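So this one's my_file15.pdb, PDB, C-alpha atoms:
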```pdb
ATOM      1  CA  MET A   2     136.588 145.383 101.253  1.00  0.00           C
ATOM      2  CA  ALA A   3     136.015 142.756  98.598  1.00  0.00           C
ATOM      3  CA  LEU A   4     132.261 143.306  98.817  1.00  0.00           C
ATOM      4  CA  PHE A   5     132.831 146.799  97.410  1.00  0.00           C
ATOM      5  CA  GLY A   6     135.505 145.754  94.929  1.00  0.00           C
ATOM      6  CA  PHE A   7     138.520 146.838  96.992  1.00  0.00           C
ATOM      7  CA  SER A   8     141.665 144.946  97.875  1.00  0.00           C
ATOM      8  CA  PRO A   9     144.469 145.780 100.345  1.00  0.00           C
ATOM      9  CA  GLU A  10     146.502 147.152  97.428  1.00  0.00           C
ATOM     10  CA  ASP A  11     143.885 149.907  96.959  1.00  0.00           C
ATOM     11  CA  TYR A  12     144.929 151.540 100.229  1.00  0.00           C
ATOM     12  CA  ASP A  13     147.976 153.705 100.811  1.00  0.00           C
ATOM     13  CA  GLU A  14     147.860 153.250 104.536  1.00  0.00           C
ATOM     14  CA  ILE A  15     147.454 150.027 106.476  1.00  0.00           C
ATOM     15  CA  PHE A  16     147.099 150.060 110.235  1.00  0.00           C
ATOM     16  CA  GLU A  17     146.927 147.406 112.873  1.00  0.00           C
ATOM     17  CA  ILE A  18     144.815 147.294 116.002  1.00  0.00           C
ATOM     18  CA  TRP A  19     146.227 145.730 119.114  1.00  0.00           C
ATOM     19  CA  PRO A  20     144.157 142.826 120.435  1.00  0.00           C
ATOM     20  CA  ASP A  21     143.534 144.705 123.706  1.00  0.00           C
ATOM     21  CA  ASN A  22     141.847 147.479 121.715  1.00  0.00           C
ATOM     22  CA  TRP A  23     139.838 145.335 119.306  1.00  0.00           C
ATOM     23  CA  LEU A  24     136.484 145.508 121.117  1.00  0.00           C
ATOM     24  CA  SER A  25     136.848 149.256 121.653  1.00  0.00           C
ATOM     25  CA  PHE A  26     137.592 149.683 117.956  1.00  0.00           C
ATOM     26  CA  LEU A  27     134.521 147.639 117.004  1.00  0.00           C
ATOM     27  CA  VAL A  28     132.311 149.743 119.259  1.00  0.00           C
ATOM     28  CA  MET A  29     133.745 153.021 117.917  1.00  0.00           C
ATOM     29  CA  ASP A  30     133.359 151.795 114.350  1.00  0.00           C
ATOM     30  CA  SER A  31     129.750 150.862 115.068  1.00  0.00           C
ATOM     31  CA  MET A  32     129.095 154.345 116.473  1.00  0.00           C
ATOM     32  CA  TRP A  33     130.051 156.177 113.271  1.00  0.00           C
ATOM     33  CA  THR A  34     126.468 157.326 112.642  1.00  0.00           C
ATOM     34  CA  GLN A  35     125.892 158.414 116.236  1.00  0.00           C
ATOM     35  CA  TRP A  36     127.555 161.828 116.282  1.00  0.00           C
ATOM     36  CA  ARG A  37     125.673 164.707 117.881  1.00  0.00           C
ATOM     37  CA  VAL A  38     125.977 167.675 115.562  1.00  0.00           C
ATOM     38  CA  GLY A  39     125.249 171.344 116.163  1.00  0.00           C
ATOM     39  CA  VAL A  40     125.743 174.544 114.208  1.00  0.00           C
ATOM     40  CA  GLY A  41     129.502 174.340 114.779  1.00  0.00           C
ATOM     41  CA  GLY A  42     129.757 170.701 113.681  1.00  0.00           C
ATOM     42  CA  ALA A  43     130.130 167.513 115.698  1.00  0.00           C
ATOM     43  CA  THR A  44     130.036 167.952 119.465  1.00  0.00           C
ATOM     44  CA  GLY A  45     130.440 164.336 120.569  1.00  0.00           C
ATOM     45  CA  LEU A  46     128.948 160.890 120.400  1.00  0.00           C
ATOM     46  CA  ASP A  47     125.419 160.040 121.527  1.00  0.00           C
ATOM     47  CA  TYR A  48     126.194 158.020 124.654  1.00  0.00           C
ATOM     48  CA  GLY A  49     122.544 156.973 124.957  1.00  0.00           C
ATOM     49  CA  VAL A  50     123.004 154.312 122.302  1.00  0.00           C
ATOM     50  CA  LEU A  51     126.361 153.105 123.615  1.00  0.00           C
ATOM     51  CA  PRO A  52     125.015 150.328 125.908  1.00  0.00           C
ATOM     52  CA  GLY A  53     123.027 148.813 123.032  1.00  0.00           C
ATOM     53  CA  VAL A  54     126.021 148.995 120.710  1.00  0.00           C
ATOM     54  CA  MET A  55     128.249 147.357 123.310  1.00  0.00           C
ATOM     55  CA  ARG A  56     125.741 144.521 123.706  1.00  0.00           C
ATOM     56  CA  LEU A  57     125.468 144.039 119.937  1.00  0.00           C
ATOM     57  CA  VAL A  58     129.240 143.994 119.521  1.00  0.00           C
ATOM     58  CA  GLY A  59     129.522 141.445 122.317  1.00  0.00           C
ATOM     59  CA  VAL A  60     131.336 143.455 124.979  1.00  0.00           C
ATOM     60  CA  ALA A  61     131.029 141.755 128.370  1.00  0.00           C
ATOM     61  CA  THR A  62     129.464 144.000 131.015  1.00  0.00           C
ATOM     62  CA  LYS A  63     132.644 143.819 133.101  1.00  0.00           C
ATOM     63  CA  GLU A  64     134.516 145.425 130.150  1.00  0.00           C
ATOM     64  CA  TRP A  65     132.095 148.335 129.632  1.00  0.00           C
ATOM     65  CA  GLN A  66     134.014 150.845 131.756  1.00  0.00           C
ATOM     66  CA  ARG A  67     137.323 150.153 130.012  1.00  0.00           C
ATOM     67  CA  VAL A  68     135.726 150.269 126.554  1.00  0.00           C
ATOM     68  CA  PHE A  69     133.894 153.498 127.449  1.00  0.00           C
ATOM     69  CA  GLU A  70     137.190 155.086 128.496  1.00  0.00           C
ATOM     70  CA  ASP A  71     138.741 153.991 125.182  1.00  0.00           C
ATOM     71  CA  ILE A  72     135.760 155.398 123.263  1.00  0.00           C
ATOM     72  CA  ARG A  73     136.185 158.765 124.969  1.00  0.00           C
ATOM     73  CA  VAL A  74     139.850 158.893 123.916  1.00  0.00           C
ATOM     74  CA  MET A  75     138.959 158.051 120.300  1.00  0.00           C
ATOM     75  CA  GLU A  76     136.055 160.507 120.372  1.00  0.00           C
ATOM     76  CA  ALA A  77     138.319 163.350 121.539  1.00  0.00           C
ATOM     77  CA  GLU A  78     140.836 162.596 118.789  1.00  0.00           C
ATOM     78  CA  ALA A  79     138.122 162.345 116.138  1.00  0.00           C
ATOM     79  CA  LEU A  80     136.690 165.709 117.217  1.00  0.00           C
ATOM     80  CA  GLN A  81     140.125 167.314 116.875  1.00  0.00           C
ATOM     81  CA  VAL A  82     140.547 165.881 113.381  1.00  0.00           C
ATOM     82  CA  MET A  83     137.053 166.982 112.318  1.00  0.00           C
ATOM     83  CA  ARG A  84     137.639 170.500 113.664  1.00  0.00           C
ATOM     84  CA  ALA A  85     140.947 170.732 111.809  1.00  0.00           C
ATOM     85  CA  PHE A  86     139.114 170.104 108.520  1.00  0.00           C
ATOM     86  CA  THR A  87     136.481 172.771 109.208  1.00  0.00           C
ATOM     87  CA  GLN A  88     138.851 175.611 110.103  1.00  0.00           C
TER      88      GLN A  88
END
```

Once more with this new file: its structure as structure tokens, please.
Amino acid sequence: MALFGFSPEDYDEIFEIWPDNWLSFLVMDSMWTQWRVGVGGATGLDYGVLPGVMRLVGVATKEWQRVFEDIRVMEAEALQVMRAFTQ
């Protein structure tokens, strides 16, 4: 935040991420440019890049299935939010 001139006081909403979800959050955050988009808007994430992102974020291979399941939950929620803004 400081890099862009922001401080915690600049935000109305602060949220916490449970330690068990931290890696999943990092992967989802790193996937923010990987949405597949069609005429009707976003349709989902590009799973083809997910293994590379998981490696770069440092997710152990044994954690991939759990993190993938978490990503799918966050993806579904994000799609609902995006659709709500386009209707």

Please list as a PyMOL selection string every residue within 7 Å of segment 72-83 of chain A, counting only C-alpha atoms and excluding residues in the same chain fewer than 4 positions away. chain A and resi 25+29+43+45+68+87

To one decimal in Å, tell me the separation between atom CA of Val50 of chain A and atom CA of Trp33 of chain A. 11.6 Å

If the PyMOL selection byres ((chain A and resi 35) around 12) is run on the structure shown, which residues does it catch, given as a list in words?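 When the PyMOL selection byres ((chain A and resi 35) around 12) is applied, the selected residues are Val28, Met29, Asp30, Ser31, Met32, Trp33, Thr34, Trp36, Arg37, Val38, Ala43, Thr44, Gly45, Leu46, Asp47, Tyr48, Gly49, Val50, Leu51, Val54 and Glu76 of chain A.
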
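The residue that comes closest to Trp65 of chain A, out of A:Asp13, A:Leu24, A:Ile18, A:Ala85 and on the basis of all atoms listed in the file, is A:Leu24.
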
Using Å and a single decimal, report how far atom CA of Asp21 of chain A sits from atom CA of Glu70 of chain A. 13.1 Å

Taking all atoms of segment 51-54 of chain A that appear in the file, build a box with edges along x, y and z, extend it by 4 Å on every side, and state its centre and edge lengths in Å to one decimal, as JSON.
```
{"center_x": 124.7, "center_y": 151.0, "center_z": 123.3, "size_x": 11.3, "size_y": 12.3, "size_z": 13.2}
```

Which of these, A:Met55, A:Val40, A:Ala3, A:Ile15, has the shortest distance to Arg67 of chain A once you count all atoms listed in the file? A:Met55

If you measure from atom CA of Phe69 of chain A to atom CA of Pro52 of chain A, what distance in Å do you get, rounded to one decimal?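 Between atom CA of Phe69 of chain A and atom CA of Pro52 of chain A the gap works out to 9.6 Å.
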
Which residue gives the smallest distance to Leu27 of chain A among A:Pro9, A:Arg84, A:Arg56, A:Thr62, with only C-alpha atoms counted?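 Of all the options, A:Arg56 lies closest to Leu27 of chain A.
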
Which of these, A:Trp23, A:Glu17, A:Leu4, A:Tyr12, has the shortest distance to Gly59 of chain A once you count all atoms listed in the file? A:Trp23
